[in-house]
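*Asks:* Sending over a structure as C-alpha cells; questions will come in a sec.
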Amino acid sequence: MAYAGIQMFMEKLKQLINCNDIPFINNHPEIISERPQFQLLYHDLESMIQTLSFINQQHQEKGNDLMQRFIFAAEEAEYTVDLFLSDVHNWNNGNLPTSVEDFNQRDRDDVKRSFKFVLNLFLSWVYIRKNTSLPNPSLNLDEVWRSFKSIQVELTSMKTERMLIQSASAPVSISTNSQKSPDEIVVGLDHDVELIRDKLVEDHKKVDVVSIVGMGGIGKTTLATKVFNDAYVKHHFHVRVWATVSQTFDKRLVLIQILESIGAHLGLEKASDSRLREMVHKSLMGRRYLIVIDDIWEIEAWDNIKLFFPHDIMGSRIMLTTRLTEVAKHANSIGLIHHLGYLNKERSWELLCQKVFRGNKYPEWTVKPGMRIVKNCKGLPLVVVVIAGVLAKEARNEKFWVEIAYKTGSYIVGEENICLETLGLSYNHLPLRLRECFLYLGGFPEDYKFEVQKLMWLWVAEGFIQEDGNRSLEDIAEGYLRDLIDRNLVIVAHKSRSSGAIKSCKVHDLVRELCLKKAREERFILQTQRLILFSNVITPPYKPVRKFINAYNPNLSHPSTQNIRSILWLRYFRLSSDGIEKYIRSFVLLRVLDIQSCKLDDFPKGMELLVHLRYLAVHISSADFPSSICNLWNLQTLIYESGSSDVVLPSNISDLVNLRHLQSSKLHFDIGSIEKPMHLQTISCVGLTDEAFSFQKYFPCIKKLSCVTNSYKQNDFKSFAYLERLTLWSSPVHGKNQITLPVTLKAVTLGGCCLPWSDMSIIQSLPNLQVLKLDYNAFVGSCWNTDGQEFPQLKFLRLERLNINQWEAYSPSFPCLKQLEILICFNLEEIPIEIGDIPTLELIKIKKCRHSVDESVRRIQQEQQDMTGNYDLKIEVIPSKYHVV
C-alpha cells in the first residue's frame with residue numbers, strides 16, 4: 001500500500017461514517033454501532049499523514065522507517081475493517097463469518113502471527129457451537145491502535161526537536177507537452193533497413209525467409225518495425241501481417257494474431273484450430289504477403305508456423321526476429337540472416353542525446369560523463385534508452401550525470417544474459433507514486449498489450465493513484481503512464497488515428513524481467529502462471545496478493561487465499577458458474593476480479609458477498625442483468641458483456657454510489673427507472689427512451705456517453721456540464737432530430753440524425769472540438785458549404801456513408817486539421833482542391849468512393865509537391881471493389 005491506497009481507505013471510512021444512501025451501511029446496526037471507531041481511525045490516519053509529510057533531512061532514514069511502519073499499520077487496519085464488513089454481510093445473509101471459516105485453512109503458527117481478533121472470532125465460533133444465541137461480528141482494532149500509538153510517540157519526539165522539513169514525497173508535476181514518442185527515435189538503422197528491404201522486394205517468386213538475429217534489447221523488433229512500415233514495402237506487398245511468438249509458443253494465439261492483422265475478427269474464439277488454419281491459408285492464397293514472426297525461440301515453433309502459409313510463386317516473404325542463430329538457420333540456411341550488432345560509442349551517444357535533449361543542443365559538460373555512461377551500456381539500445389529516461393528528468397544537473405556515470409559500471413553483459421542492475425537504476429529513480437504502477441505491469445504475460453483505458457481503471461481500483469487537487473483519478477493515472485513512457489519503461493503500441501491518444505502500450509521483455517525482479521525485492525507479492533513469488537516466505541495475512549492467471553486450466557487454490565486482493569484471468573477459458581462459486585468464499589476481500597475472458601452461463605451465486613470489489617469484468621451468457629451486482633457498493637468500474645444484445649439495468653443500479661465506469665463492447669444498456677442520481681463518468685452504449693435532459697438528471701457527472709435514441713424530440717445535451725465525448729445514433733420517426741450540445745465537447749460522433757447541412761452551426765460553435773465523425777445520414781443534403789464556418793480546434797474529420805454530392809470547403813475553415821477521412825460516400829464527386837492548402841494537414845484517407853474522388857486526392861497531393869514542395873502530405877486510397885463512376 002502506498003499513500004494513494006491509504007487515501008482510498010480513508011474514503012471508504014468516510015462513507016462508513018457519513019453515508020446514508022448505501023443500503024449495506026444503513027441496514028446493518030453492527031456497522032452503525034462501530035462508527036465511533038471508524039471516526040477515530042480516520043482521525044488518526046489523517047493526523048499521522050499530516051505529521052509524516054514533514055521529515056528532517058538528518059532523520060531521513062528514521063523517517064522512512066516510520067513511514068513504512070505506518071503503511072504496514074494502515075494495511076493491517078484496512079484488512080481488519082474489510083474482514084469485519086465481510087463478516088457482517090455474510091452473517092446477515094446466513095453465512096459463516098469469513099474469518100472463522102478461514103481459520104481451518106491456516107496452521108497455528110500463522111494464527112500466532114496474525115491478528116488477535118482472528119483467535120477471538122474462532123473462540124466465538126466455539127461458543128456458537130455450544131449455545132443457541134449467535135453473537136454479532138465485532139470490530140477489534142486493538143493491535144492497530146498499539147501500532148499507531150508507537151508511531152505517534154516517535155513522531156511527537158521528533159516534533160519537539162523541531163527537525164521536520166517538507167517530505168521529498170511531494171507530488172511532482174507531469175509534463176504533457178506534445179513530443180515525439182520515445183519509441184519513434186532510433187539511430188544507426190538506415191543501412192540495415194535498406195539492406196533488408198532490398199532483400200524482401202527482390203525479383204524472386206518463391207517464398208523466402210529473412211531473419212534478424214541478436215540478443216535481447218539490441219533492437220531487432222525496432223528494425224523489423226521500420227522495415228514493416230517502410231513506404232515501399234507497404235506498396236510492394238498486398239497484405240502485411242505481424243505476429244509475436246515469444247518463449248511459450250501458442251499455435252492458436254499466433255493464428256488469431258495473423259487473422260486479426262488481415263482484418264478478420266468475428267468468430268475467431270469459437271473456431272477450431274483447423275478452421276483458423278484454413279482461414280489463414282485462404283486469406284493469403286493468391287496474394288503477395290509479408291509475414292513478420294517476432295521473437296521466435298524454438299525450431300519446433302517454426303516448423304509448426306511455416307505450415308500456415310501458402311508456398312506459391314507470388315514473391316511472398318517471411319521475416320523472423322530471434323535471439324537464436326540456430327532458429328534462423330533452420331528456417332532458411334541459404335537466405336539472408338542479418339546479425340544486428342551493438343551500437344558503437346558514437347551511435348550510442350547520438351541515441352542518448354536524442355532521447356534526453358529531443359533535438360536540442362547538449363551542454364558541453366555532459367560529454368565526459370555521457371561517454372562513460374554509453375560505454376557502460378555496452379552498445380545495447382534498450383539500456384541506453386532506459387538510462388536516457390532517468391537522465392531526462394535531470395537533464396541540466398551535472399552532479400546527477402556524474403553519479404549515474406559511476407553507477408552504470410556495475411553490471412555484466414553476456415551474449416545470452418543481461419544483469420539488470422543498470423536497468424534497475426531507472427526503478428531506483430522512480431518517484432514512489434510510480435513504483436506500484438510499474439511493478440504491476442510485470443504480472444501480465446510476455447508481449448502483452450495493455451489497453452490503456454482498462455489499465456487506468458485497474459490502477460485506480462488497486463489504490464495506486466494519489467489524489468491531486470480537482471483532477472480525476474483517471475486523468476492522474478494517465479499522467480503516471482505518460483511519465484513511465486517518458487522514462488522509456490513503457491512502449492506505445494497503438495495510438496488513436498483520430499485523437500492521437502495512446503490506446504495500448506507494452507513493455508520490453510527485459511523491462512518485464514526488471515518488474516519481476518523488483519517485485520521480489522520489494523515484496524510486492526505478485527503471482528503469475530510461471531512464477532510464484534515468496535512461496536517459501538511467510539508474509540503478514542494483511543499483505544495484498546495479486547494473482548494473474550495465464551493458463552487454460554489453472555489451480556485456483558492457495559494456502560492462504562483470504563489476503564488475495566486481485567484476480568485477473570488473462571486467457572480464454574470456458575468456466576462454469578458452479579466452478580467459480582466454490583472459490584468465492586475464500587476470496588471475500590477481493591478488490592479486483594477480471595474474469596471477462598471466462599464466459600459464464602449465469603452470474604455466480606454468492607458473488608454479491610464480494611462487497612470490497614472495486615473493479616469487476618464479467619461475461620455472462622444470460623440475457624438478464626443480475627440485480628445482485630447492485631449490492632457491490634464499492635464498485636468503481638463494471639465491464640459487463642452478455643450473450644444478449646440488450647440488457648435492462650435494474651432500478652437499484654443507483655445503489656452503486658461509487659460506480660464511475662459502466663462499459664461493454666457490444667451490449668446495449670436499457671435504463672428504466674433510476675432511484676437516485678449516480679456518479680457515472682463513462683457509459684458505453686445506452687438507450688434514451690426520453691429526452692436527454694432526464695438522463696442528465698440521473699447522470700450529472702457523465703464525461704463519455706454513447707447513446708441511441710429513436711426520438712425526434714429535443715435532445716438537449718447542453719446542460720451536461722462535464723461531457724467531453726459524445727456518440728449519438730438516432731432514427732427519428734418523423735422529420736429531423738433536434739440537438740443542442742455543450743461547449744465542453746472534444747469529440748463528437750453522429751449517425752442517423754438527418755440534420756440539414758445548415759444545422760452545422762451546432763457543431764461549428766463548439767470551441768474545444770478536436771474530433772468530428774459524421775456517419776450514415778448524420779447530415780442530409782446534396783451540398784455542404786463551409787464558407788463562413790470555422791472549426792478552430794478540429795484535428796480529425798471523418799465523413800462516412802453520407803449522401804452528399806458536393807463539398808465546398810475552404811482552408812480557413814479548418815486551420816488545425818491534421819487528418820481527413822472520406823469513407824463509402826458513393827455520391828461525392830471530388831475533394832475540394834482548397835483542402836490541400838490547409839497547412840497542418842498530414843493525411844487524407846479515401847475508402848470505396850468514386851474514381852473521381854480518388855483522382856482529386858492524388859491531384860491535391862501532386863499539386864502540393866509541385867507548387868509548394870510539400871512532400872509531407874500523405875494519401876491512402878482504398879478503391880471500391882465495385883468501380884464507382
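By order of appearance in the C-alpha cells: chains A, B, ..., then residues from 1 within every chain, and ligands from 1 in the order shown.
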Would you pick out the contacts of Arg435 (chain A) at 10 Å or less, using only C-alpha atoms, so that residues sharing its chain but fewer than 2 positions from it are not included, and give the list as number ranges by chain?

*Replies:* A: 2, 427-433, 437-440, 464, 484, 515, 518-519, 522

*Asks:* Residues within 12 Å of Ala331 (chain A), please, as a PyMOL selection string. Count only C-alpha atoms; anything in the same chain fewer than 6 positions from it doesn't count.

*Replies:* chain A and resi 207-212+293+296-306+318-322+324-325+337

*Asks:* Tell me, which residues of region 145-361 of chain A carry DSSP helix (DSSP H, G or I), written as a VMD selection string?

*Replies:* chain A and resid 145 to 160 182 to 184 190 to 201 220 to 228 231 to 236 251 to 262 273 to 284 299 to 308 325 to 331 345 to 357

*Asks:* Using only C-alpha atoms, which protein or nucleic acid residues come within 10 Å of Ile476 (chain A)? Drop anything in the same chain fewer than 6 positions from it, and give the result as number ranges by chain.

*Replies:* A: 174, 456, 460, 465-468, 482

*Asks:* Counting only C-alpha atoms, give me one row per residue of region 467-527 of chain A with an atom at most 12 Å from an atom of region 656-670 of chain A, showing the shortest contact pair and its distance in Å to one decimal, sorted by chain then residue number, as a Markdown table.

*Replies:*
| residue | atom | partner | partner_atom | distance |
| --- | --- | --- | --- | --- |
| A:Ser472 | CA | A:Arg660 | CA | 10.8 |
| A:Leu473 | CA | A:Arg660 | CA | 10.7 |
| A:Glu474 | CA | A:Arg660 | CA | 10.2 |

*Asks:* Which neighbours of region 764-777 of chain A fall inside 7 Å, counting only C-alpha atoms, when residues of the same chain fewer than 5 positions from it are skipped, and could you give them as a list in words?

*Replies:*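 Skipping anything fewer than 5 positions along the chain leaves Ser498, Ser499, Val743, Thr744, Leu745, Lys746, Ala747, Val748, Thr749, Leu750, Gly751, Gly752, Cys753, Cys754, Gln789, Glu790, Phe791, Pro792, Gln793, Leu794, Lys795, Phe796, Leu797, Arg798, Leu799, Glu800, Arg801 and Leu802 of chain A.
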